[in-house]
Amino acid sequence: MGTIGELGEFGLIGRLTRRLPQGPAVRLGPGDDAAVIAAPDGRVVATTDLLVEGRHFRRDWSGPYDIGRKAAAQNLADVVAMGARPTALLVGFAAPPGTGVDWAERLYDGLADECRAAGASVAGGDVVGAPEVTLAVTALGDLGGAAPLTRSGARPGDVVAVRGRLGFAAAGLALLGAGRDEPAELVAAHRRPRPPYAAGEEARAHGATALLDVSDGLVQDLGHMARASGVRIDVDSTAVPVPGILGPDGLRHALTGGEDHAFAATFPSSAALPSSWTRIGDVVEGTGVRVDGGEPPAGAWDHFPA
């Protein structure tokens, strides 16, 4: 198939957009100056993320299909975390001209398949040459007439619960960093997160007062919720789901590891939690996050490490 440089900008755009089926929310997809996305609610939930080669993924550790699914998942999860339904992605793709056309096509297959899993579509974007692969992804969503679920709604007396895997991606990253590829389930979790996209609707239906995507580590993200809500969150480490596959560092991975894109929410104590959610703590008066009554373990994702 040759390289994307040999194919050229418009040849590449044509090859990639033919791989992107459009859902009902996309009224005008790729091919014009801009896409047109339905917004029946009258409001649009919007979020954006950057993925940079060497920082968020390594091409010797992850194939293009997995990178595409990961790029889509982390943005779609942010829309779900607002209690919204994902509708569309806009993708900016930068890559060296020597990148294979087949590599780019597999990347877009991953983007399209992850969107399909969440009920969304890749509606447009841009391509450009660059020294390293970079993806700039904007996700859009619709609230369906409801109020957004934010980080600032937690109140003393609420309970804290989680939905989805915790620590799997961090454990997989640690394995890859040590030159290992087993257990395969953990390595796969780093390469391709599996956000439970139904979590937003479930949380809303059961009266959630606050909701967020766990992307940078459970303790760190609960800290964001605590600050936004003006409360303290007490976590019971014995209630945190830590499967044996996570190994001896399982609890640390579950508390501080990011990129699983699980969800954490607070619910009134009177609410009946869905069976897919696990209660892990309580909201009380105060500030910050405590684990078993003390300071939480150090470590979390930082985009600007020292």
# chains A, B, ... in the order shown; residues from 1 in each chain; ligands from 1
>>> residues_around(residues="Val45 (chain A)", least_positions_apart="5", cutoff="9 Å", atoms="only C-alpha atoms", output="tab-separated table (two decimals) with all heavy atoms, in the first residue's frame")
chain	number	residue	atom	x	y	z
A	79	VAL	N	-17.32	11.79	27.92
A	79	VAL	CA	-18.69	12.19	27.62
A	79	VAL	C	-19.67	11.42	28.51
A	79	VAL	O	-20.59	12.00	29.10
A	79	VAL	CB	-19.01	11.94	26.13
A	79	VAL	CG1	-20.50	12.13	25.85
A	79	VAL	CG2	-18.19	12.87	25.25
A	82	MET	N	-20.22	12.62	32.02
A	82	MET	CA	-21.11	13.76	32.22
A	82	MET	C	-22.58	13.34	32.21
A	82	MET	O	-23.47	14.18	32.27
A	82	MET	CB	-20.87	14.81	31.13
A	82	MET	CG	-19.46	15.36	31.10
A	82	MET	SD	-18.98	16.20	32.63
A	82	MET	CE	-20.07	17.60	32.60
A	84	ALA	N	-23.93	11.86	29.63
A	84	ALA	CA	-24.38	12.11	28.27
A	84	ALA	C	-24.19	10.87	27.39
A	84	ALA	O	-23.45	9.95	27.74
A	84	ALA	CB	-23.64	13.30	27.66
A	85	ARG	N	-24.83	10.91	26.23
A	85	ARG	CA	-24.69	9.84	25.24
A	85	ARG	C	-23.71	10.31	24.17
A	85	ARG	O	-23.93	11.34	23.53
A	85	ARG	CB	-26.05	9.54	24.60
A	85	ARG	CG	-26.03	8.50	23.49
A	85	ARG	CD	-27.42	8.27	22.95
A	85	ARG	NE	-27.99	9.50	22.41
A	85	ARG	CZ	-27.77	9.95	21.17
A	85	ARG	NH1	-26.97	9.29	20.36
A	85	ARG	NH2	-28.35	11.06	20.77
A	86	PRO	N	-22.62	9.59	23.94
A	86	PRO	CA	-21.67	10.01	22.90
A	86	PRO	C	-22.32	10.00	21.52
A	86	PRO	O	-23.10	9.09	21.19
A	86	PRO	CB	-20.56	8.95	22.98
A	86	PRO	CG	-20.68	8.36	24.35
A	86	PRO	CD	-22.15	8.39	24.66
A	139	ALA	N	-14.50	14.73	21.41
A	139	ALA	CA	-15.72	13.93	21.49
A	139	ALA	C	-16.90	14.84	21.80
A	139	ALA	O	-16.79	15.79	22.58
A	139	ALA	CB	-15.60	12.86	22.56
A	140	LEU	N	-18.04	14.52	21.20
A	140	LEU	CA	-19.26	15.27	21.41
A	140	LEU	C	-20.34	14.33	21.96
A	140	LEU	O	-20.32	13.13	21.69
A	140	LEU	CB	-19.75	15.88	20.10
A	140	LEU	CG	-18.74	16.74	19.34
A	140	LEU	CD1	-19.33	17.20	18.01
A	140	LEU	CD2	-18.29	17.93	20.17
A	141	GLY	N	-21.27	14.89	22.73
A	141	GLY	CA	-22.33	14.07	23.29
A	141	GLY	C	-23.60	14.85	23.53
A	141	GLY	O	-23.59	16.09	23.48
A	142	ASP	N	-24.67	14.14	23.80
A	142	ASP	CA	-25.99	14.72	23.99
A	142	ASP	C	-26.55	14.31	25.34
A	142	ASP	O	-26.50	13.14	25.71
A	142	ASP	CB	-26.91	14.25	22.86
A	142	ASP	CG	-28.29	14.88	22.95
A	142	ASP	OD1	-28.40	16.10	22.72
A	142	ASP	OD2	-29.25	14.15	23.27
A	143	LEU	N	-27.10	15.27	26.07
A	143	LEU	CA	-27.62	15.02	27.41
A	143	LEU	C	-29.06	14.53	27.42
A	143	LEU	O	-29.58	14.16	28.48
A	143	LEU	CB	-27.50	16.29	28.26
A	143	LEU	CG	-26.09	16.64	28.73
A	143	LEU	CD1	-26.02	18.09	29.16
A	143	LEU	CD2	-25.65	15.72	29.86
A	148	PRO	N	-26.38	17.81	33.39
A	148	PRO	CA	-25.12	17.06	33.41
A	148	PRO	C	-24.80	16.53	34.80
A	148	PRO	O	-25.15	17.16	35.81
A	148	PRO	CB	-24.08	18.10	32.96
A	148	PRO	CG	-24.69	19.42	33.29
A	148	PRO	CD	-26.17	19.24	33.12
>>> residues_around(residues="region 260-264 of chain A", least_positions_apart="6", cutoff="9 Å", atoms="only C-alpha atoms", output="ChimeraX atom specification")
/A:73-74,77-78,81,160-170,189-190,192-196,199-200,210-218,221-222,277
>>> atom_distance(atom1="CA of Pro248 (chain A)", atom2="CA of Ala71 (chain A)")
29.4 Å
>>> select_by_dssp(residues="region 16-240 of chain A", states="strand (DSSP E or B)", output="PyMOL selection string")
chain A and resi 26-28+30+32+36-37+45-53+57+85-95+100+121-129+134-142+159-163+210-214+232-235
>>> write_last_selection(atoms="C-alpha atoms", output="compact mmCIF listing (two decimals), in the first residue's frame")
# COMPACT_ATOMS: atom_id res chain seq x y z
CA VAL A 26 -24.17 12.71 12.05
CA ARG A 27 -26.20 14.81 9.61
CA LEU A 28 -23.16 15.67 7.48
CA PRO A 30 -16.48 13.82 6.31
CA ASP A 32 -17.01 19.21 3.64
CA VAL A 36 -22.91 18.69 11.15
CA ILE A 37 -24.00 16.78 14.26
CA VAL A 45 -21.19 18.04 25.66
CA ALA A 46 -17.65 18.49 24.33
CA THR A 47 -14.27 17.20 25.47
CA THR A 48 -10.83 16.85 23.92
CA ASP A 49 -7.65 14.85 24.51
CA LEU A 50 -4.19 14.53 23.05
CA LEU A 51 -2.26 11.28 22.64
CA VAL A 52 1.42 11.64 21.85
CA GLU A 53 3.69 8.81 20.76
CA PHE A 57 1.57 4.91 23.69
CA ARG A 85 -24.69 9.84 25.24
CA PRO A 86 -21.67 10.01 22.90
CA THR A 87 -22.56 11.10 19.36
CA ALA A 88 -19.37 11.86 17.42
CA LEU A 89 -15.60 12.19 17.39
CA LEU A 90 -13.43 14.62 15.46
CA VAL A 91 -9.90 13.29 15.01
CA GLY A 92 -6.71 15.16 14.19
CA PHE A 93 -4.04 12.68 13.02
CA ALA A 94 -0.39 13.67 12.70
CA ALA A 95 2.25 11.16 11.58
CA GLY A 100 2.48 2.91 6.19
CA SER A 121 -19.21 7.91 14.89
CA VAL A 122 -15.99 9.51 13.66
CA ALA A 123 -17.52 12.49 11.84
CA GLY A 124 -14.41 14.26 10.56
CA GLY A 125 -11.00 15.66 11.42
CA ASP A 126 -7.66 16.47 9.81
CA VAL A 127 -4.37 14.85 8.82
CA VAL A 128 -0.89 16.36 8.79
CA GLY A 129 2.75 15.27 8.62
CA THR A 134 -0.03 12.42 17.59
CA LEU A 135 -3.80 12.17 17.89
CA ALA A 136 -6.02 15.08 18.89
CA VAL A 137 -9.51 13.77 19.56
CA THR A 138 -12.63 15.80 20.32
CA ALA A 139 -15.72 13.93 21.49
CA LEU A 140 -19.26 15.27 21.41
CA GLY A 141 -22.33 14.07 23.29
CA ASP A 142 -25.99 14.72 23.99
CA VAL A 159 -21.88 6.66 49.37
CA VAL A 160 -19.05 6.23 46.85
CA ALA A 161 -19.13 3.45 44.28
CA VAL A 162 -17.14 2.35 41.23
CA ARG A 163 -18.00 0.62 37.98
CA ALA A 210 -21.67 13.14 41.10
CA LEU A 211 -19.82 11.14 38.45
CA LEU A 212 -16.38 11.07 36.86
CA ASP A 213 -14.14 8.98 34.61
CA VAL A 214 -11.26 7.33 36.47
CA ARG A 232 -14.00 14.53 52.09
CA ILE A 233 -14.17 11.05 50.59
CA ASP A 234 -13.27 8.11 52.81
CA VAL A 235 -12.26 4.95 50.94
>>> select_by_dssp(residues="region 75-298 of chain A", states="helix (DSSP H, G or I)", output="count of residues only")
74
